[in-house]
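Shown next, in structure tokens, is the structure this report addresses.
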Amino acid sequence: MPSSQRDFAADSGAPIAWGVFGRALSQLGGTRYGLLLFGAACQCATIAITWPLWLVRQMPPHLPTFDLPQISFGWMLIASLAWVAVRPRSGMAVHWGVLIVAAIFDQFRLQPQFFSIALLMTACVWEPGHRIARWSLVSTWVWAGVHKLLSPDWFGYASHWLVERSGLDADATYMSFALIVAVVELAVGVLAIFRPRWAAPAGAAMHVGIALTISPLLVNWNESVLPWNFSVAVIGSWVLLTTKDWYPTEGWEKLVCVAGLIAPVGFYGGLLDHGFSGVLYSASIPQGLITTKSGALPVEGWGDLHVPFPKERRTIRIYFEQVAVPGDKLHLADPRPWLSDAFYVLDSLHRAKEIDRDAFFDGLPPGSFELLAVGESDDGQGGTRPEVSGVGVDSRRSLFELRKAGVRMVRREEGQPIFAVEFTPENYDPSLLDHVVRLPNLMQIQLAGTDVQDRDLSKLSRLRLLTGIGLDRTAITDEGISHLKGLPFLQQIECEGTKVTSEAIGRAIKDPYDAFE
């Protein structure tokens, strides 16, 4: 046996056991085998928590990579883990195979905790797996910190929600909490590069802290990652403590190191899934909202599956094609600066057809179709049923910033989008209008008595559904009103106490029926 393999297999004081597990124990040694079994137990617990995810189901629908008949993978995964306990090397190969094939059959299973635990188990079996696991931890921690430092969502509603749900004073502490978490994650990742032995206890403490935070003791959220956090705290610490050199020496290891540290940049261009880019709770991920003739349906996960929806542009689009009917629309909102929002309508072949923003908002509002006669020719002249007007995604970042500033926002019903906002002289800030335009369903905005200026109204030109604006007692002139001329549904401009002329109002106001001609 080569010396490197002897070093890997050796374990001080490891007994040679008899029975079905004897070969595995003698091959790996007591420490490695014990850690492997701990990882297998964590994987079993995660599978048990998410059991419906691995079975054939109707809703939420499967998100297959290809058009494949669905089969259940739950017991296959459990059997492969039992195989790991008896024959670690071949068992790990089988477990990886089942895990990957299951994800191909349903991309809902592209949850990073399953693959990370499998990699930590691999570290206990193969020396190359040990090195890859080390650089995977480095990449995860470094990018978890970097993504958070670059994410205005993390320094906004995401960290505020976590602190608030923990029962603390979120308004007073969420910013410091957000900064501390991001810096600690980044620091542990850097330590894992240059001083892996120092990073071991720090990483263990960090993941135990995360597990306690999301446990029922505090936040009580996303229980499917609890076993993963414990596996990282235990097996990940061992990986770092047994790392000999910080600098990769093998050629393949250098490639793994470079790929692990560079590939997550692809997240910002939509080239790498956020779950495999270290995007942990930073919240800057795509959102989807489907508009049907009866209402709006957000694209979400959880439920019986106990996992979040794997929100990627492709998976949201596939979900839309699975659950929608022809004529339904999808707004795919993406907060990443390198990517823009996308708008789709489902065609007669159940394919998502990309359309522009104006076409997305064309049509009759959801809920108005029950007033029409049932059938495909509801215009009385043999024409087709009118299309539905899409409902856009309200930016969570903008909702948070406007709420924090004290801006009043109005919904018609709970769960409905914001349709009106009201500023006061005390809370008006021109920069907040940048957030107002990210509420695409807005129909009314009140700015009476504020310091709004003519140039500020240019920001509102994207509010296509705006029907009324209040500008009483402001410094607005005809120049400001000219920025509103392109709004197709604008019907009311309140401008008492301003220098706005009736001619300017006449040029901006639209006949409510013109937009449908």
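In the structure tokens, chains take the letters A, B, ... in the order shown, each chain's residues start at 1, and ligands count up from 1 in the order shown.
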*Excluding same-chain residues fewer than 4 positions from A:Asp434, what lies within 9 Å of it counting only C-alpha atoms, as an MDAnalysis selection string?*
chainID A and resid 398 430 438 459:460
Write out the residues from the selection above, keeping N, CA and C atoms, as a tab-separated table (two decimals), in the first residue's frame.
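New file part_25.tsv:
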chain	number	residue	atom	x	y	z
A	398	SER	N	-37.72	47.51	-1.71
A	398	SER	CA	-38.41	48.80	-1.74
A	398	SER	C	-39.49	48.88	-0.68
A	430	PRO	N	-36.55	62.54	-2.19
A	430	PRO	CA	-36.57	62.18	-3.62
A	430	PRO	C	-36.01	60.80	-3.90
A	438	ARG	N	-40.44	50.66	-8.09
A	438	ARG	CA	-40.30	49.20	-8.01
A	438	ARG	C	-41.55	48.55	-7.42
A	459	LYS	N	-38.94	60.22	-12.53
A	459	LYS	CA	-38.76	58.85	-12.05
A	459	LYS	C	-40.06	58.04	-12.11
A	460	LEU	N	-41.19	58.74	-12.18
A	460	LEU	CA	-42.47	58.05	-12.16
A	460	LEU	C	-42.94	57.60	-13.53
*Near-A:Ser215 list (12 Å; only C-alpha atoms; drop same-chain fewer than 3 positions) as a ChimeraX atom specification*: /A:165-166,207-212,218-227,229-230
Let me see the file: selected residues, C-alpha atoms, as a compact mmCIF listing (two decimals), in the first residue's frame.
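Dumped everything to selection11.txt:
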# COMPACT_ATOMS: atom_id res chain seq x y z
CA ARG A 165 -38.20 36.83 14.48
CA SER A 166 -35.58 36.14 17.15
CA HIS A 207 -22.44 26.68 12.65
CA VAL A 208 -23.63 25.64 16.09
CA GLY A 209 -24.71 29.27 16.55
CA ILE A 210 -26.55 29.20 13.22
CA ALA A 211 -28.27 25.95 14.18
CA LEU A 212 -29.40 27.40 17.51
CA LEU A 218 -35.40 31.29 18.32
CA VAL A 219 -36.37 31.73 14.67
CA ASN A 220 -37.90 28.25 14.12
CA TRP A 221 -37.23 28.26 10.39
CA ASN A 222 -35.80 25.97 7.72
CA GLU A 223 -35.29 22.89 9.86
CA SER A 224 -33.93 21.00 6.85
CA VAL A 225 -30.52 22.68 7.25
CA LEU A 226 -30.15 21.88 10.95
CA PRO A 227 -28.41 18.52 10.31
CA ASN A 229 -25.01 22.81 10.23
CA PHE A 230 -24.15 20.11 12.75
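When only C-alpha atoms are used to measure the gap to A:Met92, the shortest distance among A:Pro298, A:Ile71, A:Gln111, A:Trp126 belongs to A:Trp126.
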_Quick one: residues within 6 Å of stretch 280-289 of chain A, only C-alpha atoms, excluding same-chain residues fewer than 3 positions away - as a list in words?_
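Close residues of stretch 280-289 of chain A: Ala144, Lys148, Asp153, Trp154, Leu297, Pro298, Val299, Lys311, Leu330, His331, Leu332, Ala333, Asp334 and Pro335 of chain A.
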How about saving the chosen residues, N, CA and C atoms kept, as a PDB file, in the first residue's frame?
ATOM      1  N   ALA A 144     -20.212  33.434   1.400  1.00  0.00           N
ATOM      2  CA  ALA A 144     -21.350  33.789   2.257  1.00  0.00           C
ATOM      3  C   ALA A 144     -21.153  35.188   2.815  1.00  0.00           C
ATOM      4  N   LYS A 148     -23.149  38.752   1.322  1.00  0.00           N
ATOM      5  CA  LYS A 148     -23.889  39.582   2.276  1.00  0.00           C
ATOM      6  C   LYS A 148     -23.378  41.021   2.257  1.00  0.00           C
ATOM      7  N   ASP A 153     -30.153  43.832   0.182  1.00  0.00           N
ATOM      8  CA  ASP A 153     -31.259  43.092   0.783  1.00  0.00           C
ATOM      9  C   ASP A 153     -30.868  42.509   2.139  1.00  0.00           C
ATOM     10  N   TRP A 154     -29.620  42.043   2.252  1.00  0.00           N
ATOM     11  CA  TRP A 154     -29.156  41.535   3.542  1.00  0.00           C
ATOM     12  C   TRP A 154     -29.091  42.659   4.561  1.00  0.00           C
ATOM     13  N   LEU A 297     -50.394  34.365  -8.146  1.00  0.00           N
ATOM     14  CA  LEU A 297     -49.853  33.201  -7.439  1.00  0.00           C
ATOM     15  C   LEU A 297     -48.344  33.365  -7.305  1.00  0.00           C
ATOM     16  N   PRO A 298     -47.839  33.627  -6.095  1.00  0.00           N
ATOM     17  CA  PRO A 298     -46.386  33.731  -5.917  1.00  0.00           C
ATOM     18  C   PRO A 298     -45.718  32.367  -6.043  1.00  0.00           C
ATOM     19  N   VAL A 299     -44.498  32.357  -6.565  1.00  0.00           N
ATOM     20  CA  VAL A 299     -43.738  31.119  -6.708  1.00  0.00           C
ATOM     21  C   VAL A 299     -42.959  30.903  -5.416  1.00  0.00           C
ATOM     22  N   LYS A 311     -35.025  29.083  -6.278  1.00  0.00           N
ATOM     23  CA  LYS A 311     -35.373  30.212  -7.134  1.00  0.00           C
ATOM     24  C   LYS A 311     -34.224  30.595  -8.068  1.00  0.00           C
ATOM     25  N   LEU A 330     -46.279  35.721 -16.299  1.00  0.00           N
ATOM     26  CA  LEU A 330     -45.268  35.582 -15.250  1.00  0.00           C
ATOM     27  C   LEU A 330     -44.364  36.800 -15.244  1.00  0.00           C
ATOM     28  N   HIS A 331     -44.201  37.396 -14.058  1.00  0.00           N
ATOM     29  CA  HIS A 331     -43.178  38.418 -13.866  1.00  0.00           C
ATOM     30  C   HIS A 331     -42.043  37.782 -13.086  1.00  0.00           C
ATOM     31  N   LEU A 332     -40.873  37.739 -13.691  1.00  0.00           N
ATOM     32  CA  LEU A 332     -39.675  37.219 -13.048  1.00  0.00           C
ATOM     33  C   LEU A 332     -38.826  38.420 -12.653  1.00  0.00           C
ATOM     34  N   ALA A 333     -38.851  38.755 -11.370  1.00  0.00           N
ATOM     35  CA  ALA A 333     -38.138  39.929 -10.871  1.00  0.00           C
ATOM     36  C   ALA A 333     -36.770  39.507 -10.358  1.00  0.00           C
ATOM     37  N   ASP A 334     -35.721  40.173 -10.835  1.00  0.00           N
ATOM     38  CA  ASP A 334     -34.360  39.794 -10.461  1.00  0.00           C
ATOM     39  C   ASP A 334     -33.632  41.004  -9.886  1.00  0.00           C
ATOM     40  N   PRO A 335     -33.245  40.958  -8.596  1.00  0.00           N
ATOM     41  CA  PRO A 335     -32.597  42.120  -7.982  1.00  0.00           C
ATOM     42  C   PRO A 335     -31.118  42.245  -8.307  1.00  0.00           C
TER      43      PRO A 335
END
Please return as an mmCIF file with N, CA, C and O atoms, in the first residue's frame: the residues of stretch 203-303 of chain A that backbone DSSP assigns to helix (DSSP H, G or I).
data_model
loop_
_atom_site.group_PDB
_atom_site.id
_atom_site.type_symbol
_atom_site.label_atom_id
_atom_site.label_comp_id
_atom_site.auth_asym_id
_atom_site.auth_seq_id
_atom_site.Cartn_x
_atom_site.Cartn_y
_atom_site.Cartn_z
ATOM 1 N N GLY A 203 -15.230 27.857 12.910
ATOM 2 C CA GLY A 203 -16.295 27.348 12.056
ATOM 3 C C GLY A 203 -17.305 26.521 12.827
ATOM 4 O O GLY A 203 -18.514 26.618 12.593
ATOM 5 N N ALA A 204 -16.809 25.713 13.776
ATOM 6 C CA ALA A 204 -17.722 24.904 14.584
ATOM 7 C C ALA A 204 -18.647 25.796 15.402
ATOM 8 O O ALA A 204 -19.867 25.569 15.460
ATOM 9 N N ALA A 205 -18.074 26.809 16.044
ATOM 10 C CA ALA A 205 -18.894 27.721 16.859
ATOM 11 C C ALA A 205 -19.904 28.466 15.998
ATOM 12 O O ALA A 205 -21.067 28.655 16.395
ATOM 13 N N MET A 206 -19.481 28.870 14.800
ATOM 14 C CA MET A 206 -20.378 29.615 13.914
ATOM 15 C C MET A 206 -21.573 28.758 13.501
ATOM 16 O O MET A 206 -22.724 29.220 13.555
ATOM 17 N N HIS A 207 -21.332 27.511 13.134
ATOM 18 C CA HIS A 207 -22.436 26.678 12.653
ATOM 19 C C HIS A 207 -23.320 26.186 13.781
ATOM 20 O O HIS A 207 -24.532 26.012 13.585
ATOM 21 N N VAL A 208 -22.769 25.958 14.953
ATOM 22 C CA VAL A 208 -23.625 25.643 16.092
ATOM 23 C C VAL A 208 -24.508 26.847 16.415
ATOM 24 O O VAL A 208 -25.703 26.708 16.706
ATOM 25 N N GLY A 209 -23.923 28.051 16.323
ATOM 26 C CA GLY A 209 -24.707 29.271 16.546
ATOM 27 C C GLY A 209 -25.816 29.432 15.525
ATOM 28 O O GLY A 209 -26.944 29.815 15.874
ATOM 29 N N ILE A 210 -25.520 29.127 14.257
ATOM 30 C CA ILE A 210 -26.555 29.201 13.216
ATOM 31 C C ILE A 210 -27.667 28.203 13.507
ATOM 32 O O ILE A 210 -28.867 28.523 13.394
ATOM 33 N N ALA A 211 -27.281 26.971 13.895
ATOM 34 C CA ALA A 211 -28.275 25.947 14.183
ATOM 35 C C ALA A 211 -29.181 26.366 15.343
ATOM 36 O O ALA A 211 -30.406 26.182 15.289
ATOM 37 N N LEU A 212 -28.602 26.948 16.375
ATOM 38 C CA LEU A 212 -29.403 27.397 17.507
ATOM 39 C C LEU A 212 -30.325 28.551 17.101
ATOM 40 O O LEU A 212 -31.463 28.642 17.562
ATOM 41 N N THR A 213 -29.836 29.421 16.230
ATOM 42 C CA THR A 213 -30.636 30.579 15.811
ATOM 43 C C THR A 213 -31.862 30.151 15.025
ATOM 44 O O THR A 213 -32.966 30.658 15.247
ATOM 45 N N ILE A 214 -31.704 29.211 14.082
ATOM 46 C CA ILE A 214 -32.831 28.820 13.241
ATOM 47 C C ILE A 214 -33.666 27.703 13.865
ATOM 48 O O ILE A 214 -34.685 27.309 13.293
ATOM 49 N N GLU A 223 -35.860 23.979 9.068
ATOM 50 C CA GLU A 223 -35.289 22.891 9.858
ATOM 51 C C GLU A 223 -34.486 21.917 9.015
ATOM 52 O O GLU A 223 -33.685 21.138 9.542
ATOM 53 N N SER A 224 -34.650 21.959 7.688
ATOM 54 C CA SER A 224 -33.929 21.002 6.846
ATOM 55 C C SER A 224 -32.428 21.248 6.832
ATOM 56 O O SER A 224 -31.662 20.359 6.421
ATOM 57 N N VAL A 225 -31.964 22.420 7.242
ATOM 58 C CA VAL A 225 -30.519 22.679 7.255
ATOM 59 C C VAL A 225 -29.910 22.504 8.648
ATOM 60 O O VAL A 225 -28.713 22.716 8.809
ATOM 61 N N LEU A 226 -30.710 22.130 9.620
ATOM 62 C CA LEU A 226 -30.154 21.880 10.953
ATOM 63 C C LEU A 226 -29.120 20.751 10.932
ATOM 64 O O LEU A 226 -28.004 20.919 11.455
ATOM 65 N N PRO A 227 -29.432 19.578 10.350
ATOM 66 C CA PRO A 227 -28.411 18.521 10.307
ATOM 67 C C PRO A 227 -27.162 18.943 9.546
ATOM 68 O O PRO A 227 -26.044 18.548 9.912
ATOM 69 N N TRP A 228 -27.330 19.728 8.487
ATOM 70 C CA TRP A 228 -26.165 20.187 7.738
ATOM 71 C C TRP A 228 -25.260 21.055 8.607
ATOM 72 O O TRP A 228 -24.031 20.895 8.591
ATOM 73 N N ASN A 229 -25.831 21.965 9.365
ATOM 74 C CA ASN A 229 -25.013 22.810 10.230
ATOM 75 C C ASN A 229 -24.229 21.980 11.247
ATOM 76 O O ASN A 229 -23.057 22.254 11.511
ATOM 77 N N PHE A 230 -24.857 20.960 11.792
ATOM 78 C CA PHE A 230 -24.149 20.111 12.754
ATOM 79 C C PHE A 230 -23.073 19.271 12.064
ATOM 80 O O PHE A 230 -21.998 19.037 12.633
ATOM 81 N N SER A 231 -23.344 18.835 10.844
ATOM 82 C CA SER A 231 -22.327 18.060 10.125
ATOM 83 C C SER A 231 -21.119 18.925 9.786
ATOM 84 O O SER A 231 -19.976 18.450 9.866
ATOM 85 N N VAL A 232 -21.343 20.185 9.427
ATOM 86 C CA VAL A 232 -20.218 21.082 9.168
ATOM 87 C C VAL A 232 -19.447 21.353 10.463
ATOM 88 O O VAL A 232 -18.205 21.370 10.470
ATOM 89 N N ALA A 233 -20.175 21.560 11.551
ATOM 90 C CA ALA A 233 -19.514 21.833 12.830
ATOM 91 C C ALA A 233 -18.622 20.680 13.254
ATOM 92 O O ALA A 233 -17.527 20.897 13.801
ATOM 93 N N VAL A 234 -19.041 19.447 12.990
ATOM 94 C CA VAL A 234 -18.281 18.275 13.439
ATOM 95 C C VAL A 234 -17.290 17.814 12.367
ATOM 96 O O VAL A 234 -16.070 17.830 12.580
ATOM 97 N N ILE A 235 -17.808 17.413 11.204
ATOM 98 C CA ILE A 235 -16.923 16.859 10.170
ATOM 99 C C ILE A 235 -16.068 17.967 9.551
ATOM 100 O O ILE A 235 -14.876 17.777 9.284
ATOM 101 N N GLY A 236 -16.674 19.140 9.331
ATOM 102 C CA GLY A 236 -15.901 20.246 8.756
ATOM 103 C C GLY A 236 -14.744 20.658 9.646
ATOM 104 O O GLY A 236 -13.640 20.959 9.152
ATOM 105 N N SER A 237 -14.948 20.679 10.952
ATOM 106 C CA SER A 237 -13.862 21.018 11.870
ATOM 107 C C SER A 237 -12.743 19.983 11.800
ATOM 108 O O SER A 237 -11.555 20.327 11.812
ATOM 109 N N TRP A 238 -13.143 18.716 11.713
ATOM 110 C CA TRP A 238 -12.126 17.661 11.578
ATOM 111 C C TRP A 238 -11.331 17.819 10.274
ATOM 112 O O TRP A 238 -10.104 17.640 10.261
ATOM 113 N N VAL A 239 -12.022 18.152 9.187
ATOM 114 C CA VAL A 239 -11.330 18.363 7.912
ATOM 115 C C VAL A 239 -10.260 19.438 8.051
ATOM 116 O O VAL A 239 -9.118 19.274 7.597
ATOM 117 N N LEU A 240 -10.607 20.534 8.696
ATOM 118 C CA LEU A 240 -9.644 21.635 8.840
ATOM 119 C C LEU A 240 -8.520 21.279 9.799
ATOM 120 O O LEU A 240 -7.356 21.640 9.581
ATOM 121 N N LEU A 241 -8.829 20.569 10.866
ATOM 122 C CA LEU A 241 -7.803 20.189 11.846
ATOM 123 C C LEU A 241 -6.800 19.200 11.272
ATOM 124 O O LEU A 241 -5.633 19.173 11.698
ATOM 125 N N GLY A 251 -1.939 19.370 -8.979
ATOM 126 C CA GLY A 251 -2.503 20.180 -10.048
ATOM 127 C C GLY A 251 -4.019 20.231 -10.007
ATOM 128 O O GLY A 251 -4.627 21.302 -10.145
ATOM 129 N N TRP A 252 -4.650 19.075 -9.796
ATOM 130 C CA TRP A 252 -6.117 19.038 -9.761
ATOM 131 C C TRP A 252 -6.648 19.839 -8.583
ATOM 132 O O TRP A 252 -7.704 20.453 -8.666
ATOM 133 N N GLU A 253 -5.888 19.812 -7.454
ATOM 134 C CA GLU A 253 -6.340 20.535 -6.278
ATOM 135 C C GLU A 253 -6.304 22.042 -6.516
ATOM 136 O O GLU A 253 -7.170 22.782 -6.035
ATOM 137 N N LYS A 254 -5.304 22.488 -7.273
ATOM 138 C CA LYS A 254 -5.239 23.911 -7.617
ATOM 139 C C LYS A 254 -6.446 24.307 -8.458
ATOM 140 O O LYS A 254 -7.014 25.389 -8.271
ATOM 141 N N LEU A 255 -6.830 23.422 -9.385
ATOM 142 C CA LEU A 255 -7.999 23.708 -10.207
ATOM 143 C C LEU A 255 -9.262 23.788 -9.358
ATOM 144 O O LEU A 255 -10.101 24.664 -9.547
ATOM 145 N N VAL A 256 -9.412 22.835 -8.413
ATOM 146 C CA VAL A 256 -10.572 22.845 -7.525
ATOM 147 C C VAL A 256 -10.598 24.112 -6.686
ATOM 148 O O VAL A 256 -11.649 24.747 -6.513
ATOM 149 N N CYS A 257 -9.406 24.492 -6.181
ATOM 150 C CA CYS A 257 -9.306 25.701 -5.360
ATOM 151 C C CYS A 257 -9.722 26.931 -6.153
ATOM 152 O O CYS A 257 -10.547 27.733 -5.695
ATOM 153 N N VAL A 258 -9.172 27.091 -7.336
ATOM 154 C CA VAL A 258 -9.476 28.260 -8.165
ATOM 155 C C VAL A 258 -10.950 28.266 -8.576
ATOM 156 O O VAL A 258 -11.630 29.298 -8.494
ATOM 157 N N ALA A 259 -11.456 27.094 -9.001
ATOM 158 C CA ALA A 259 -12.860 27.015 -9.422
ATOM 159 C C ALA A 259 -13.793 27.343 -8.266
ATOM 160 O O ALA A 259 -14.774 28.078 -8.425
ATOM 161 N N GLY A 260 -13.476 26.817 -7.072
ATOM 162 C CA GLY A 260 -14.336 27.061 -5.926
ATOM 163 C C GLY A 260 -14.375 28.508 -5.503
ATOM 164 O O GLY A 260 -15.393 29.001 -5.008
ATOM 165 N N LEU A 261 -13.261 29.207 -5.696
ATOM 166 C CA LEU A 261 -13.187 30.600 -5.270
ATOM 167 C C LEU A 261 -13.655 31.580 -6.338
ATOM 168 O O LEU A 261 -13.975 32.728 -6.017
ATOM 169 N N ILE A 262 -13.691 31.138 -7.598
ATOM 170 C CA ILE A 262 -14.072 32.051 -8.682
ATOM 171 C C ILE A 262 -15.488 31.781 -9.192
ATOM 172 O O ILE A 262 -16.245 32.712 -9.502
ATOM 173 N N ALA A 263 -15.877 30.513 -9.259
ATOM 174 C CA ALA A 263 -17.171 30.151 -9.865
ATOM 175 C C ALA A 263 -18.365 30.894 -9.269
ATOM 176 O O ALA A 263 -19.282 31.264 -10.019
ATOM 177 N N PRO A 264 -18.429 31.155 -7.950
ATOM 178 C CA PRO A 264 -19.603 31.855 -7.409
ATOM 179 C C PRO A 264 -19.839 33.249 -7.970
ATOM 180 O O PRO A 264 -20.936 33.786 -7.805
ATOM 181 N N VAL A 265 -18.827 33.826 -8.645
ATOM 182 C CA VAL A 265 -19.069 35.102 -9.323
ATOM 183 C C VAL A 265 -20.166 34.936 -10.370
ATOM 184 O O VAL A 265 -20.930 35.859 -10.652
ATOM 185 N N GLY A 266 -20.258 33.725 -10.928
ATOM 186 C CA GLY A 266 -21.266 33.457 -11.943
ATOM 187 C C GLY A 266 -22.686 33.621 -11.461
ATOM 188 O O GLY A 266 -23.598 33.776 -12.284
ATOM 189 N N PHE A 267 -22.883 33.610 -10.146
ATOM 190 C CA PHE A 267 -24.230 33.830 -9.615
ATOM 191 C C PHE A 267 -24.788 35.169 -10.078
ATOM 192 O O PHE A 267 -25.975 35.284 -10.392
ATOM 193 N N TYR A 268 -23.941 36.182 -10.137
ATOM 194 C CA TYR A 268 -24.420 37.522 -10.489
ATOM 195 C C TYR A 268 -24.842 37.620 -11.949
ATOM 196 O O TYR A 268 -25.584 38.528 -12.319
ATOM 197 N N GLY A 269 -24.378 36.691 -12.757
ATOM 198 C CA GLY A 269 -24.813 36.660 -14.149
ATOM 199 C C GLY A 269 -25.796 35.548 -14.438
ATOM 200 O O GLY A 269 -26.122 35.296 -15.600
ATOM 201 N N HIS A 274 -27.767 29.918 -6.972
ATOM 202 C CA HIS A 274 -27.412 30.587 -5.727
ATOM 203 C C HIS A 274 -27.148 29.583 -4.608
ATOM 204 O O HIS A 274 -26.325 29.833 -3.727
ATOM 205 N N GLY A 275 -27.816 28.419 -4.649
ATOM 206 C CA GLY A 275 -27.603 27.427 -3.609
ATOM 207 C C GLY A 275 -26.207 26.847 -3.604
ATOM 208 O O GLY A 275 -25.741 26.341 -2.581
ATOM 209 N N PHE A 276 -25.512 26.930 -4.732
ATOM 210 C CA PHE A 276 -24.159 26.393 -4.839
ATOM 211 C C PHE A 276 -23.132 27.510 -5.008
ATOM 212 O O PHE A 276 -22.008 27.267 -5.445
ATOM 213 N N GLY A 303 -44.067 24.373 2.575
ATOM 214 C CA GLY A 303 -45.169 23.421 2.664
ATOM 215 C C GLY A 303 -44.679 22.078 3.176
ATOM 216 O O GLY A 303 -43.777 21.996 4.018
#
*asked:* Please list as a ChimeraX atom specification every residue within 10 Å of A:Lys510, counting only C-alpha atoms and excluding residues in the same chain fewer than 6 positions away.
replied: /A:467,485-492
Pull N, CA, C and O atoms from the residues just selected and write them as a PDB file, in the first residue's frame.
ATOM      1  N   THR A 467     -52.913  55.915 -12.191  1.00  0.00           N
ATOM      2  CA  THR A 467     -54.147  56.583 -12.619  1.00  0.00           C
ATOM      3  C   THR A 467     -54.339  57.948 -11.967  1.00  0.00           C
ATOM      4  O   THR A 467     -55.086  58.781 -12.489  1.00  0.00           O
ATOM      5  N   LYS A 485     -46.618  62.467 -19.337  1.00  0.00           N
ATOM      6  CA  LYS A 485     -47.433  62.369 -20.552  1.00  0.00           C
ATOM      7  C   LYS A 485     -47.505  60.955 -21.112  1.00  0.00           C
ATOM      8  O   LYS A 485     -48.470  60.597 -21.781  1.00  0.00           O
ATOM      9  N   GLY A 486     -46.492  60.135 -20.854  1.00  0.00           N
ATOM     10  CA  GLY A 486     -46.466  58.798 -21.432  1.00  0.00           C
ATOM     11  C   GLY A 486     -47.230  57.754 -20.642  1.00  0.00           C
ATOM     12  O   GLY A 486     -47.293  56.592 -21.070  1.00  0.00           O
ATOM     13  N   LEU A 487     -47.825  58.133 -19.528  1.00  0.00           N
ATOM     14  CA  LEU A 487     -48.558  57.163 -18.712  1.00  0.00           C
ATOM     15  C   LEU A 487     -49.932  56.916 -19.329  1.00  0.00           C
ATOM     16  O   LEU A 487     -50.747  57.842 -19.426  1.00  0.00           O
ATOM     17  N   PRO A 488     -50.249  55.684 -19.738  1.00  0.00           N
ATOM     18  CA  PRO A 488     -51.450  55.446 -20.553  1.00  0.00           C
ATOM     19  C   PRO A 488     -52.770  55.516 -19.795  1.00  0.00           C
ATOM     20  O   PRO A 488     -53.823  55.660 -20.424  1.00  0.00           O
ATOM     21  N   PHE A 489     -52.738  55.420 -18.452  1.00  0.00           N
ATOM     22  CA  PHE A 489     -54.002  55.364 -17.707  1.00  0.00           C
ATOM     23  C   PHE A 489     -54.192  56.561 -16.767  1.00  0.00           C
ATOM     24  O   PHE A 489     -55.137  56.575 -15.980  1.00  0.00           O
ATOM     25  N   LEU A 490     -53.325  57.544 -16.843  1.00  0.00           N
ATOM     26  CA  LEU A 490     -53.405  58.687 -15.928  1.00  0.00           C
ATOM     27  C   LEU A 490     -54.694  59.480 -16.184  1.00  0.00           C
ATOM     28  O   LEU A 490     -54.932  59.959 -17.292  1.00  0.00           O
ATOM     29  N   GLN A 491     -55.514  59.616 -15.140  1.00  0.00           N
ATOM     30  CA  GLN A 491     -56.811  60.269 -15.292  1.00  0.00           C
ATOM     31  C   GLN A 491     -57.015  61.436 -14.339  1.00  0.00           C
ATOM     32  O   GLN A 491     -57.926  62.232 -14.532  1.00  0.00           O
ATOM     33  N   GLN A 492     -56.193  61.542 -13.300  1.00  0.00           N
ATOM     34  CA  GLN A 492     -56.424  62.594 -12.315  1.00  0.00           C
ATOM     35  C   GLN A 492     -55.095  63.159 -11.825  1.00  0.00           C
ATOM     36  O   GLN A 492     -54.200  62.394 -11.417  1.00  0.00           O
TER      37      GLN A 492
END
*Determine, counting only C-alpha atoms, which protein, DNA and RNA residues have an atom within 10 Å of an atom of A:Cys124; residues of the same chain fewer than 2 positions away are not included. Present the result as a ChimeraX atom specification.*
/A:8-9,28-29,31-37,39,88-89,119-122,126-130,133,235,238-239
Per residue of stretch 58-81 of chain A within 8 Å of stretch 95-105 of chain A, what are the shortest atom pair and its distance in Å to one decimal, counting only C-alpha atoms, with rows by chain and residue number, as a tab-separated table?
residue	atom	partner	partner_atom	distance
A:His62	CA	A:Phe105	CA	7.7
A:Leu63	CA	A:Phe105	CA	7.3
A:Pro64	CA	A:Phe105	CA	4.7
A:Thr65	CA	A:Ile104	CA	5.4
A:Phe66	CA	A:Phe105	CA	7.3
A:Leu68	CA	A:Phe105	CA	6.6
A:Gln70	CA	A:Phe105	CA	6.8
A:Phe73	CA	A:Ala102	CA	6.4
A:Met76	CA	A:Val98	CA	7.1
A:Leu77	CA	A:His95	CA	6.4
A:Ser80	CA	A:His95	CA	5.0
A:Leu81	CA	A:His95	CA	6.5
